[in-house]
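**Student:** Have a look at this one before I ask anything.
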Amino acid sequence: MELQAAFDLLLSSEKPLDEMDTVIWQSLTAGASGNQHPWTIGCLMTFQKTGEQVSYPSGRTVVLRRCDAASRTLDFHTDVRSAKVKEMEMNAGAVCWLFYEPSTKIQLRAQGFATVVNDKRADAAWEAVSLQGRSGYLSMDPPGQRSLSQQPPSTADRFVKQLESERGRENFRLVRTEVQSLDWLYLRRGGHVRASITYDQKGSSEVSWLVP
Ligand SMILES: Cc1cc2nc3c(=O)[nH]c(=O)nc-3n(C[C@H](O)[C@H](O)[C@H](O)COP(=O)(O)O)c2cc1C
């Protein structure tokens, strides 16, 4: 179901909080399946330590690749050499996802702990990455490396045939976030609504309304 319609239907029910968790995870699952869903693309935030004292929040756009409602996990793919991987590892995997799309005015924040996966699950994910998608993992120099030339760095090293694209596997990782809490906000015309869900170790959840 379309994002806004799903939450409008939920809010019209007798006890919306009872199904809030289910509808949020159904929407994330729809986002992970692509099909132009507003939650296919999110912003992932980490902490970037820039000095002895200061850590700045650091956000970037990532594609939600997989979602598992039962284990409350969200996956994205990345290059292991990227700054975000170091930032996650330096902060015990603490991350925050943000999903938002202006036409619906529904926002979701998901805090949790991310793990960098490089086993058979990453092999299977890599197999499904298209040749074009693999170009994101094929740069000879690490992503984010500074270049002193007048022109932007060449990307010619990324346009290769299928067989050569296999070298990208070395850089490819699946990153899985286990969600610990959600903060959902809907700027509804008839009145704003906000809810929070927190999960404990056993997987049970506590759902409550918040003042929007
Ligand atoms: C539409 C869009 C989708 C993106 N998807 C991803 C992604 O799924 N994984 C990823 O690592 N970077 C993705 N990026 C690039 C990141 O936003 C970011 O620029 C890059 O990963 C470097 O981030 P870092 O230096 O903070 O690690 C995407 C960028 C855009 C604009």
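Here's how to read the names in the structure tokens: chain A, B, ... by the order shown, residue numbers from 1 in each chain, ligand numbers from 1 in the order shown.
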Which residues are near ligand 1 in this structure, taking near to mean any atom at most 7 Å from a ligand atom and counting only C-alpha atoms and all ligand atoms? Format them as a PyMOL selection string.
**Tutor:** chain A and resi 41+58-64+76-79+82-85+143-144
**Student:** Near stretch 183-197 of chain A, within 7 Å and counting only C-alpha atoms, which residues show up once chain neighbours fewer than 3 positions away are dropped, as a list in words?
**Tutor:**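 Here the answer would be Lys105, Ile106, Gln107, Leu108, Arg109, Ala110, Ser205, Glu206, Val207, Ser208, Trp209, Leu210, Val211 and Pro212 of chain A.
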**Student:** As a PyMOL selection string, please: the residues near stretch 149-157 of chain A (cut-off 7 Å, only C-alpha atoms, same-chain neighbours under 6 positions excluded).
**Tutor:** chain A and resi 138-140
**Student:** What's the 9 Å shell around A:Leu74, counting only C-alpha atoms, without same-chain residues fewer than 3 positions away, as a ChimeraX atom specification?
**Tutor:** /A:28,32,64-69,114,175-179
**Student:** Write a file of the just-selected residues containing C-alpha atoms, as a CSV table (one decimal), in the first residue's frame.
**Tutor:**
```csv
chain,number,residue,atom,x,y,z
A,28,LEU,CA,10.3,-0.4,5.3
A,32,ALA,CA,13.6,-2.2,0.4
A,64,LEU,CA,17.8,0.5,1.7
A,65,ARG,CA,18.6,-2.9,0.1
A,66,ARG,CA,17.0,-5.4,2.5
A,67,CYS,CA,14.7,-5.3,5.5
A,68,ASP,CA,13.7,-8.0,7.9
A,69,ALA,CA,10.8,-7.2,10.2
A,114,ALA,CA,25.4,-1.7,12.5
A,175,VAL,CA,26.1,-3.4,6.4
A,176,ARG,CA,23.3,-4.6,8.7
A,177,THR,CA,21.7,-2.4,11.3
A,178,GLU,CA,19.8,-3.9,14.1
A,179,VAL,CA,17.2,-1.3,15.0
```
**Student:** Please, which residues of stretch 39-189 of chain A, numbered as in this document, come out helix (DSSP H, G or I) from DSSP, as an NGL selection string?
**Tutor:** :A and (39-40 or 83-90 or 120-127 or 131-137 or 156-158 or 162-170)
**Student:** Taking N, CA and C atoms for each residue, export the selection above as a short mmCIF file (atom, residue, chain, number, x, y, z; two decimals), in the first residue's frame.
**Tutor:**
```cif
data_model
loop_
_atom_site.label_atom_id
_atom_site.label_comp_id
_atom_site.auth_asym_id
_atom_site.auth_seq_id
_atom_site.Cartn_x
_atom_site.Cartn_y
_atom_site.Cartn_z
N TRP A 39 10.62 5.26 0.82
CA TRP A 39 11.63 4.86 1.80
C TRP A 39 12.70 3.95 1.20
N THR A 40 12.81 3.92 -0.13
CA THR A 40 13.89 3.14 -0.75
C THR A 40 15.23 3.79 -0.47
N ALA A 83 34.59 6.28 4.48
CA ALA A 83 34.71 6.88 5.82
C ALA A 83 33.63 6.35 6.77
N LYS A 84 32.44 6.10 6.23
CA LYS A 84 31.34 5.70 7.11
C LYS A 84 31.64 4.39 7.84
N VAL A 85 32.38 3.50 7.18
CA VAL A 85 32.69 2.20 7.82
C VAL A 85 33.59 2.44 9.03
N LYS A 86 34.60 3.29 8.86
CA LYS A 86 35.50 3.59 9.98
C LYS A 86 34.71 4.28 11.09
N GLU A 87 33.83 5.20 10.70
CA GLU A 87 33.06 5.94 11.70
C GLU A 87 32.14 5.01 12.49
N MET A 88 31.56 4.03 11.81
CA MET A 88 30.70 3.07 12.52
C MET A 88 31.53 2.25 13.48
N GLU A 89 32.67 1.79 12.99
CA GLU A 89 33.50 0.90 13.81
C GLU A 89 34.07 1.62 15.03
N MET A 90 34.32 2.92 14.90
CA MET A 90 34.86 3.67 16.04
C MET A 90 33.80 3.98 17.09
N LYS A 120 29.17 -15.22 3.60
CA LYS A 120 28.37 -15.74 2.48
C LYS A 120 27.18 -14.83 2.14
N ARG A 121 26.68 -14.14 3.16
CA ARG A 121 25.56 -13.23 2.90
C ARG A 121 26.01 -12.08 1.99
N ALA A 122 27.25 -11.61 2.22
CA ALA A 122 27.80 -10.55 1.36
C ALA A 122 28.10 -11.11 -0.03
N ASP A 123 28.58 -12.38 -0.10
CA ASP A 123 28.82 -13.01 -1.41
C ASP A 123 27.52 -13.03 -2.22
N ALA A 124 26.44 -13.45 -1.54
CA ALA A 124 25.14 -13.57 -2.25
C ALA A 124 24.66 -12.18 -2.71
N ALA A 125 24.84 -11.18 -1.84
CA ALA A 125 24.42 -9.82 -2.21
C ALA A 125 25.25 -9.33 -3.40
N TRP A 126 26.56 -9.60 -3.37
CA TRP A 126 27.45 -9.15 -4.45
C TRP A 126 27.04 -9.79 -5.78
N GLU A 127 26.71 -11.08 -5.75
CA GLU A 127 26.30 -11.77 -6.98
C GLU A 127 25.14 -11.06 -7.66
N LEU A 131 26.30 -5.04 -13.24
CA LEU A 131 27.61 -4.55 -13.69
C LEU A 131 27.72 -3.05 -13.42
N GLN A 132 26.64 -2.35 -13.68
CA GLN A 132 26.66 -0.90 -13.43
C GLN A 132 26.83 -0.61 -11.93
N GLY A 133 26.11 -1.35 -11.11
CA GLY A 133 26.20 -1.17 -9.66
C GLY A 133 27.61 -1.47 -9.15
N ARG A 134 28.27 -2.45 -9.80
CA ARG A 134 29.61 -2.84 -9.37
C ARG A 134 30.64 -1.73 -9.58
N SER A 135 30.32 -0.80 -10.48
CA SER A 135 31.28 0.27 -10.74
C SER A 135 31.56 1.09 -9.48
N GLY A 136 30.61 1.08 -8.54
CA GLY A 136 30.79 1.81 -7.29
C GLY A 136 31.84 1.22 -6.37
N TYR A 137 32.32 0.02 -6.71
CA TYR A 137 33.28 -0.68 -5.83
C TYR A 137 34.62 -0.93 -6.52
N ALA A 156 37.62 6.07 -15.14
CA ALA A 156 37.75 5.07 -16.21
C ALA A 156 38.00 3.67 -15.65
N ASP A 157 38.62 3.60 -14.43
CA ASP A 157 38.91 2.28 -13.86
C ASP A 157 37.64 1.50 -13.48
N ARG A 158 36.48 2.15 -13.55
CA ARG A 158 35.23 1.49 -13.10
C ARG A 158 34.43 0.90 -14.23
N GLN A 162 32.25 -7.88 -17.14
CA GLN A 162 31.77 -8.68 -16.01
C GLN A 162 32.91 -9.39 -15.25
N LEU A 163 33.79 -10.05 -16.00
CA LEU A 163 34.85 -10.84 -15.34
C LEU A 163 35.74 -9.94 -14.48
N GLU A 164 36.14 -8.81 -15.03
CA GLU A 164 37.02 -7.91 -14.27
C GLU A 164 36.29 -7.26 -13.10
N SER A 165 34.96 -7.16 -13.23
CA SER A 165 34.19 -6.51 -12.15
C SER A 165 34.29 -7.30 -10.84
N GLU A 166 34.71 -8.57 -10.94
CA GLU A 166 34.82 -9.41 -9.72
C GLU A 166 35.83 -8.84 -8.72
N ARG A 167 36.77 -8.03 -9.20
CA ARG A 167 37.73 -7.45 -8.24
C ARG A 167 37.06 -6.48 -7.26
N GLY A 168 35.86 -6.03 -7.60
CA GLY A 168 35.12 -5.14 -6.70
C GLY A 168 34.66 -5.83 -5.42
N ARG A 169 34.57 -7.17 -5.48
CA ARG A 169 34.09 -7.92 -4.29
C ARG A 169 34.95 -7.64 -3.06
N GLU A 170 36.24 -7.42 -3.30
CA GLU A 170 37.17 -7.15 -2.20
C GLU A 170 36.75 -5.89 -1.42
#
```
**Student:** Using only C-alpha atoms, which of the listed residues (A:Cys43, A:Ala70, A:Ala5, A:Leu98) sits closest to A:Thr29?
**Tutor:** A:Ala70
**Student:** Grab the atom CA of A:Ala94 to atom CA of A:Phe113 distance for me, in Å with one decimal place.
**Tutor:**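 Separating atom CA of A:Ala94 from atom CA of A:Phe113 is a distance of 4.6 Å.
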**Student:** Separation of atom CA of A:Tyr56 and atom CA of A:Asn91, in Å?
**Tutor:**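 Computed distance, atom CA of A:Tyr56 to atom CA of A:Asn91, equals 12.4 Å.
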**Student:** Report, in Å with one decimal, the straight-line distance from atom CA of A:Arg173 to atom CA of A:Ala30.
**Tutor:** 22.4 Å
**Student:** Find, counting only C-alpha atoms, the residue in A:Pro57, A:Tyr199, A:Leu174, A:Gln48 that gets nearest to A:Asp119.
**Tutor:**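 Closest to A:Asp119, using only C-alpha atoms: A:Leu174.
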**Student:** Set the distance at 8 Å and use only C-alpha atoms: which residues neighbour A:Leu3 once local chain neighbours fewer than 6 positions away are removed? I'd like the list as a list in words.
**Tutor:**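 Contacts, in chain order: Ser27, His37, Pro38 and Thr104 of chain A.
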